[in-house]
Structure formats: structure tokens, C-alpha cells
>>> print(open('model.csv').read())   # CSV, C-alpha atoms
chain,number,residue,atom,x,y,z
A,685,MET,CA,68.3,-10.8,0.4
A,686,SER,CA,64.9,-9.3,-0.3
A,687,TYR,CA,64.3,-5.7,0.3
A,688,LEU,CA,61.7,-6.6,3.0
A,689,GLU,CA,64.4,-8.6,4.9
A,690,ARG,CA,66.4,-5.4,5.1
A,691,LEU,CA,63.6,-3.6,7.0
A,692,ASN,CA,64.6,-5.4,10.2
A,693,SER,CA,67.4,-2.9,10.8
A,694,ASP,CA,66.8,0.4,12.5
A,695,TYR,CA,67.3,3.3,10.2
A,696,PRO,CA,67.8,6.9,11.4
A,697,ASN,CA,65.5,9.7,10.2
A,698,SER,CA,66.5,11.7,7.2
A,699,HIS,CA,66.7,15.5,7.7
A,700,SER,CA,66.9,16.8,4.2
A,701,LYS,CA,65.9,16.1,0.6
A,702,LYS,CA,69.6,15.8,-0.2
A,703,GLU,CA,70.1,13.1,2.4
A,704,SER,CA,67.1,11.2,1.1
A,705,LEU,CA,68.4,11.4,-2.5
A,706,GLU,CA,71.8,10.2,-1.3
A,707,ILE,CA,70.2,7.1,0.2
A,708,LEU,CA,68.2,6.5,-3.0
A,709,ALA,CA,71.4,6.8,-5.1
A,710,ARG,CA,72.9,3.8,-3.2
A,711,TYR,CA,70.1,1.6,-4.8
A,712,LYS,CA,70.1,3.2,-8.3
A,713,THR,CA,72.0,0.3,-9.9
A,714,GLN,CA,69.4,-2.1,-8.5
A,715,LEU,CA,66.5,-0.3,-10.1
A,716,ASP,CA,65.5,0.3,-13.7
A,717,LYS,CA,65.1,3.9,-14.9
A,718,LYS,CA,61.3,3.9,-14.4
A,719,GLN,CA,61.5,2.5,-10.8
A,720,TYR,CA,64.2,5.0,-9.8
A,721,GLU,CA,62.3,7.9,-11.2
A,722,ALA,CA,59.1,6.9,-9.5
A,723,ILE,CA,60.8,6.8,-6.1
A,724,ARG,CA,62.7,10.0,-6.8
A,725,ASP,CA,59.5,11.8,-7.8
A,726,SER,CA,57.7,10.5,-4.6
A,727,LEU,CA,60.7,11.6,-2.5
A,728,CYS,CA,60.7,15.1,-4.0
A,729,SER,CA,56.9,15.4,-3.5
A,730,HIS,CA,57.2,14.5,0.1
A,731,ALA,CA,60.2,16.9,0.5
A,732,LEU,CA,57.9,19.7,-0.5
A,733,GLU,CA,56.0,19.1,2.7
A,734,GLU,CA,59.3,18.7,4.7
A,735,ILE,CA,58.8,15.0,4.9
A,736,TYR,CA,62.1,13.3,4.2
A,737,LEU,CA,62.2,9.6,3.3
A,738,ASN,CA,64.7,7.5,5.3
A,739,GLU,CA,66.3,4.3,4.2
A,740,ARG,CA,63.4,2.2,5.5
A,741,ASP,CA,60.9,4.3,3.5
A,742,ILE,CA,63.0,3.8,0.3
A,743,LEU,CA,63.4,0.1,0.9
A,744,LEU,CA,59.6,-0.2,1.3
A,745,SER,CA,59.2,1.7,-2.0
A,746,ILE,CA,61.6,-0.6,-3.8
A,747,ALA,CA,59.9,-3.7,-2.3
A,748,GLN,CA,56.6,-2.4,-3.5
A,749,LEU,CA,57.9,-1.7,-7.0
A,750,LYS,CA,59.5,-5.2,-7.2
A,751,ASP,CA,56.2,-6.8,-6.1
A,752,GLU,CA,57.5,-8.0,-2.7
A,753,ILE,CA,54.8,-6.2,-0.9
A,754,THR,CA,51.5,-4.5,-1.7
A,755,VAL,CA,50.4,-0.9,-0.9
A,756,ASP,CA,47.8,-2.4,1.4
A,757,GLU,CA,50.4,-4.4,3.3
A,758,ILE,CA,52.5,-1.3,3.7
A,759,VAL,CA,49.5,0.6,5.1
A,760,GLU,CA,48.9,-2.3,7.6
A,761,MET,CA,52.5,-2.1,8.6
A,762,ALA,CA,52.2,1.6,9.2
A,763,LYS,CA,49.1,1.1,11.3
A,764,ALA,CA,50.9,-1.5,13.5
A,765,PHE,CA,53.9,0.8,13.9
>>> encode(input="model.csv", output="C-alpha cells")
Amino acid sequence: MSYLERLNSDYPNSHSKKESLEILARYKTQLDKKQYEAIRDSLCSHALEEIYLNERDILLSIAQLKDEITVDEIVEMAKAF
């Protein structure tokens, strides 16, 4: 199943950096080191602004890194949401 197909589920909001990191950790074995670190760094940067990535956000990041979706397509999805 592609990461985009998993977006059809409803995911609750994350309320802390720790919670976001725990979600990311579930996907660690599916990512190479560079991909994992890129998402972790983005997650930590957002957390500085008290924006916490939920599972949907992390799945979108993974899908983008695995060339399943482009950044422009993600922006269009966000506008439609």
C-alpha cells in the first residue's frame, strides 16, 4: 500500500513533539537514514513554533520523499482541505 493510500484515514492531531516523534518512529524501518533525518528535522523545526505533525503530515512527508507526490500537489491538497 502506498503512503498516499493511507491518507484516507482520519488521524488525530498531535499535541507534543514527543508524540510526533513517536509516530515517526513507527516508520523508521521504512525510511533510509537521510529520509528519516529530513522528516525528523522538519518535525523539530515545526515544534519550535508549537506546530506538531500528526500521522497524516508524516505520511505526506514520506510520500513526498519516496516520489509518490510532489510539493506542489501537497500544497494543492492543503488548499482544498
>>> atom_distance(input="model.csv", atom1="atom CA of Thr713 of chain A", atom2="atom CA of Lys701 of chain A")
19.9 Å
>>> atom_distance(input="model.csv", atom1="atom CA of Lys702 of chain A", atom2="atom CA of Leu743 of chain A")
16.9 Å
>>> closest_residue(input="model.csv", among="A:Leu705, A:Ile742, A:Leu749, A:Leu732", to="Lys718 of chain A", atoms="all atoms listed in the file")
A:Leu749
>>> residues_around(input="model.csv", residues="Ala747 of chain A", least_positions_apart="5", cutoff="7 Å", atoms="only C-alpha atoms", output="PyMOL selection string")
chain A and resi 687-688+752-753
>>> write_last_selection(input="model.csv", atoms="C-alpha atoms", output="PDB file, keeping the file's coordinate frame")
ATOM      1  CA  TYR A 687      64.300  -5.700   0.300  1.00  0.00           C
ATOM      2  CA  LEU A 688      61.700  -6.600   3.000  1.00  0.00           C
ATOM      3  CA  GLU A 752      57.500  -8.000  -2.700  1.00  0.00           C
ATOM      4  CA  ILE A 753      54.800  -6.200  -0.900  1.00  0.00           C
TER       5      ILE A 753
END
>>> residues_around(input="model.csv", residues="Glu757 of chain A", least_positions_apart="5", cutoff="12 Å", atoms="only C-alpha atoms", output="ChimeraX atom specification")
/A:688,744-745,747-748,751-752,762-764
>>> closest_residue(input="model.csv", among="A:Met761, A:Val755, A:Ile735, A:Ile746", to="Glu703 of chain A", atoms="only C-alpha atoms")
A:Ile735
>>> atom_distance(input="model.csv", atom1="atom CA of Tyr695 of chain A", atom2="atom CA of Asn738 of chain A")
7.0 Å
>>> closest_residue(input="model.csv", among="A:Lys750, A:Arg690, A:Arg740, A:His699", to="Leu715 of chain A", atoms="all atoms listed in the file")
A:Lys750
